[in-house]
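Q: I'd like to ask you about the structure that follows.
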Amino acid sequence: MRFAMILAGLALATAAQAQSWPQKPVRFIVPFAPGGATDISARLLGQELQDMWGQTVVIENRGGAGGGVGAAEAARAAADGYTLFFPSGSVVTANQHVYAKLNYDPEKDFVPVTNVVSGPQVLVVNAKSPYKSVKELIDAAKAQPGRLTFGHAGIGTQTHLAAENFVNSAKVNAIAVPYKGEGPALAGLVGGDTTFAVTNVAATIGHINSGRLRALGVTSKTEFALLPGVPAIARTLPGFENTGWFGIVAPTGTPKEIIQKVYRDTKKALESSRLKARFYVQGLAPVGNSPEEMGRAMKEESQLWARVVRERSIQVK
């Protein structure tokens with residue numbers, strides 16, 4: 001009886017803690033450099049949650065090792081809800097298959113909170129590039145095996161795997177060039193250091209609209225509204241599709257009540273017309289699924305990337 005009363009008291013104390021949370025700034029660790037789609041998504045949501053919570057939401061960029069540096073820091077953080085991890089999907093579904101050694105375990109160190117947004121990627125080249133279609137790029141890659149290069153946000157990241165998926169589907173040989181984030185990878189492409197990239201629309205659309213980059217194709221099954229006239233890559237490579245997503249996970253041990261609060265508040269924020277509009281212009285669609293739904297989706301995606309990584313022999317020892 002006494003033990004049961006103690007448990008009940010602890011449960012009430014935890015619930016009370018969750019109701020009063022947050023009482024100080026909340027930290028979102030973003031495992032990439034500023035300027036990429038992960039960073040943009042975290043900042044847009046962070047502003048809404050900051051207004052809702054009455055506490056500052058601090059975005060901390062910790063790039064490196066395909067998201068592994070930021071992931072390791074988030075995994076070591078106190079499980080009190082004041083440090084949350086905002087990765088792209090690959091960091092928690094693909095890196096464990098790519099890297100022989102990780103300083104974190106996606107399945108053991110984190111619990112899902114919610115998938116915030118998702119969206120297609122876009123195949124881009126420098127505006128001065130001679131390639132004006134997906135077919136022209138593929139033909140050039142076939143004519144010059146191992147000569148064309150593609151930049152990405154780091155080994156195992158969504159932009160890396162999306163490009164590897166494209167290269168694999170096109171049956172061509174191109175050289176991967178890793179950067180410390182999507183922003184730096186795009187800067188390299190704008191500067192003419194690489195031939196092409198398959199990047200998130202949110203990070204790329206500004207470069208496309210300004211005329212610095214040329215969009216050749218989108219990774220969705222059909223054309224994408226924000227990029228009118230840009231065909232689906234599937235028109236050249238039947239069946240090709242690739243989708244990126246960005247979400248929130250928390251260090252294992254974070255009270256369930258806090259996880260539920262972050263999920264519910266995020267879902268509420270995503271229902272606002274203001275945030276929907278801000279994400280829309282970035283080429284992103286709100287998701288806001290439950291922790292349980294996110295967990296199931298992550299397991300399925302992990303199995304998919306395990307196969308792709310094995311077939312492409314992508315591994316860092």
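Chain labels follow the order of the structure tokens: the first chain is A, the next B, and so on; residue numbering restarts at 1 in every chain, and ligands are counted from 1 in their shown order.
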Counting only C-alpha atoms, what is within 9 Å of range 82-87 of chain A, bar same-chain residues fewer than 5 positions away, as a PyMOL selection string?
A: chain A and resi 21-22+24-32+38-39+41-42+67+70-71+74-75+77+92+110+245-251
Q: Neighbouring residues of range 148-151 of chain A were defined as those with any atom within 7 Å, considering only C-alpha atoms; residues of the same chain fewer than 3 positions away were excluded. Please report them as a list in words.
A: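 In the requested form, the answer reads Ala141, Ala174, Ile175, Ala176, Val177, Pro178, Tyr179, Ala185, Thr194, Thr195, Phe196 and Ala197 of chain A.
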Q: What would the file look like if the residues just selected were written as a tab-separated table (two decimals), in the first residue's frame with N, CA and C atoms?
A:
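For reference, result32.tsv as written:
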chain	number	residue	atom	x	y	z
A	141	ALA	N	26.58	12.03	-67.75
A	141	ALA	CA	27.18	11.15	-66.75
A	141	ALA	C	27.56	9.81	-67.34
A	174	ALA	N	28.77	8.83	-60.60
A	174	ALA	CA	29.11	10.21	-60.30
A	174	ALA	C	29.77	10.24	-58.93
A	175	ILE	N	30.57	11.26	-58.67
A	175	ILE	CA	31.36	11.34	-57.45
A	175	ILE	C	30.67	12.23	-56.41
A	176	ALA	N	30.49	11.68	-55.21
A	176	ALA	CA	29.86	12.41	-54.11
A	176	ALA	C	30.87	13.34	-53.44
A	177	VAL	N	30.46	14.58	-53.16
A	177	VAL	CA	31.31	15.56	-52.49
A	177	VAL	C	30.59	16.02	-51.22
A	178	PRO	N	31.04	15.57	-50.05
A	178	PRO	CA	30.35	15.94	-48.80
A	178	PRO	C	30.71	17.34	-48.31
A	179	TYR	N	29.71	18.02	-47.75
A	179	TYR	CA	29.90	19.32	-47.11
A	179	TYR	C	29.39	19.21	-45.67
A	185	ALA	N	26.74	23.08	-49.16
A	185	ALA	CA	26.71	22.29	-50.40
A	185	ALA	C	26.13	23.11	-51.54
A	194	THR	N	30.79	21.91	-57.92
A	194	THR	CA	30.19	20.60	-58.21
A	194	THR	C	29.27	20.71	-59.41
A	195	THR	N	28.84	19.55	-59.92
A	195	THR	CA	28.02	19.54	-61.13
A	195	THR	C	26.54	19.64	-60.84
A	196	PHE	N	26.07	18.90	-59.82
A	196	PHE	CA	24.64	18.91	-59.52
A	196	PHE	C	24.42	18.56	-58.05
A	197	ALA	N	23.17	18.64	-57.64
A	197	ALA	CA	22.79	18.26	-56.28
A	197	ALA	C	21.31	17.90	-56.29
Q: Ranking A:Gly36, A:Pro184, A:Gly239, A:Gly89 by minimum distance to Pro112 in chain A and counting only C-alpha atoms, which one comes first?
A: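 Distance minimum relative to Pro112 in chain A lands on A:Gly89.
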Q: Ranking A:Ser272, A:Asn115, A:Gln121, A:Thr157 by minimum distance to Ala203 in chain A and counting only C-alpha atoms, which one comes first?
A: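 So, comparing all the options, the nearest one is A:Gln121.
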Q: Using 8 Å as the limit and counting only C-alpha atoms, can you tabulate each residue of range 180-274 of chain A that touches range 132-139 of chain A, with its shortest atom-to-atom distance in Å and the two atoms involved, as a tab-separated table?
A:
residue	atom	partner	partner_atom	distance
A:Arg214	CA	A:Lys132	CA	7.8
A:Leu216	CA	A:Ser133	CA	5.2
A:Gly217	CA	A:Val134	CA	6.5
A:Ile233	CA	A:Val134	CA	6.9
A:Thr236	CA	A:Lys135	CA	6.6
Q: Convert the current residue selection to file output with all heavy atoms, as a PDB file, in the first residue's frame.
A:
ATOM      1  N   ARG A 214      19.602  26.189 -61.645  1.00  0.00           N
ATOM      2  CA  ARG A 214      18.565  25.753 -62.581  1.00  0.00           C
ATOM      3  C   ARG A 214      17.979  24.431 -62.088  1.00  0.00           C
ATOM      4  O   ARG A 214      18.728  23.479 -61.813  1.00  0.00           O
ATOM      5  CB  ARG A 214      19.147  25.570 -63.982  1.00  0.00           C
ATOM      6  CG  ARG A 214      18.134  25.053 -65.022  1.00  0.00           C
ATOM      7  CD  ARG A 214      18.820  24.729 -66.340  1.00  0.00           C
ATOM      8  NE  ARG A 214      19.500  25.896 -66.863  1.00  0.00           N
ATOM      9  CZ  ARG A 214      20.749  25.889 -67.325  1.00  0.00           C
ATOM     10  NH1 ARG A 214      21.458  24.760 -67.308  1.00  0.00           N
ATOM     11  NH2 ARG A 214      21.303  26.981 -67.778  1.00  0.00           N
ATOM     12  N   LEU A 216      16.148  21.009 -62.667  1.00  0.00           N
ATOM     13  CA  LEU A 216      15.937  20.075 -63.767  1.00  0.00           C
ATOM     14  C   LEU A 216      14.762  19.133 -63.525  1.00  0.00           C
ATOM     15  O   LEU A 216      14.091  18.705 -64.466  1.00  0.00           O
ATOM     16  CB  LEU A 216      17.195  19.234 -64.020  1.00  0.00           C
ATOM     17  CG  LEU A 216      18.492  19.988 -64.339  1.00  0.00           C
ATOM     18  CD1 LEU A 216      19.595  18.992 -64.676  1.00  0.00           C
ATOM     19  CD2 LEU A 216      18.287  20.973 -65.479  1.00  0.00           C
ATOM     20  N   GLY A 217      14.525  18.779 -62.255  1.00  0.00           N
ATOM     21  CA  GLY A 217      13.449  17.831 -61.965  1.00  0.00           C
ATOM     22  C   GLY A 217      13.176  17.753 -60.482  1.00  0.00           C
ATOM     23  O   GLY A 217      14.053  18.044 -59.663  1.00  0.00           O
ATOM     24  N   ILE A 233      11.210  13.910 -61.969  1.00  0.00           N
ATOM     25  CA  ILE A 233      12.296  13.050 -62.458  1.00  0.00           C
ATOM     26  C   ILE A 233      11.726  11.735 -62.977  1.00  0.00           C
ATOM     27  O   ILE A 233      12.281  11.111 -63.888  1.00  0.00           O
ATOM     28  CB  ILE A 233      13.324  12.806 -61.339  1.00  0.00           C
ATOM     29  CG1 ILE A 233      14.024  14.125 -60.969  1.00  0.00           C
ATOM     30  CG2 ILE A 233      14.366  11.762 -61.738  1.00  0.00           C
ATOM     31  CD1 ILE A 233      14.954  14.037 -59.778  1.00  0.00           C
ATOM     32  N   THR A 236      11.526  10.856 -66.613  1.00  0.00           N
ATOM     33  CA  THR A 236      12.729  10.317 -67.259  1.00  0.00           C
ATOM     34  C   THR A 236      13.103   8.962 -66.683  1.00  0.00           C
ATOM     35  O   THR A 236      13.543   8.063 -67.411  1.00  0.00           O
ATOM     36  CB  THR A 236      13.906  11.299 -67.086  1.00  0.00           C
ATOM     37  OG1 THR A 236      13.543  12.580 -67.605  1.00  0.00           O
ATOM     38  CG2 THR A 236      15.143  10.789 -67.819  1.00  0.00           C
TER      39      THR A 236
END
Q: Report as a PDB file with C-alpha atoms, in the first residue's frame all protein, DNA and RNA residues lying within 8 Å of Pro106 in chain A, evaluated on only C-alpha atoms, omitting residues in the same chain fewer than 2 positions from it.
A:
ATOM      1  CA  VAL A  91      19.954  11.125 -39.075  1.00  0.00           C
ATOM      2  CA  VAL A  92      17.668   8.787 -37.140  1.00  0.00           C
ATOM      3  CA  THR A  93      16.795   6.240 -39.851  1.00  0.00           C
ATOM      4  CA  GLN A  96      23.067   3.619 -38.251  1.00  0.00           C
ATOM      5  CA  TYR A 104      24.733   7.687 -30.558  1.00  0.00           C
ATOM      6  CA  LYS A 108      18.069   3.613 -27.873  1.00  0.00           C
ATOM      7  CA  ASP A 109      18.996   7.252 -27.306  1.00  0.00           C
ATOM      8  CA  PHE A 110      15.865   8.951 -28.652  1.00  0.00           C
TER       9      PHE A 110
END
Q: Give the strand (DSSP E or B) residues of range 125-294 of chain A, as DSSP finds them on the backbone, and put them as a PyMOL selection string.
A: chain A and resi 125-126+149-152+175-178+196-200+213-218+232+243-251+285-286
Q: Would you list the contacts of range 284-287 of chain A as a count of residues only, taking every protein, DNA or RNA residue within 8 Å and counting only C-alpha atoms, but skipping same-chain residues closer than 5 positions in sequence?
A: 11
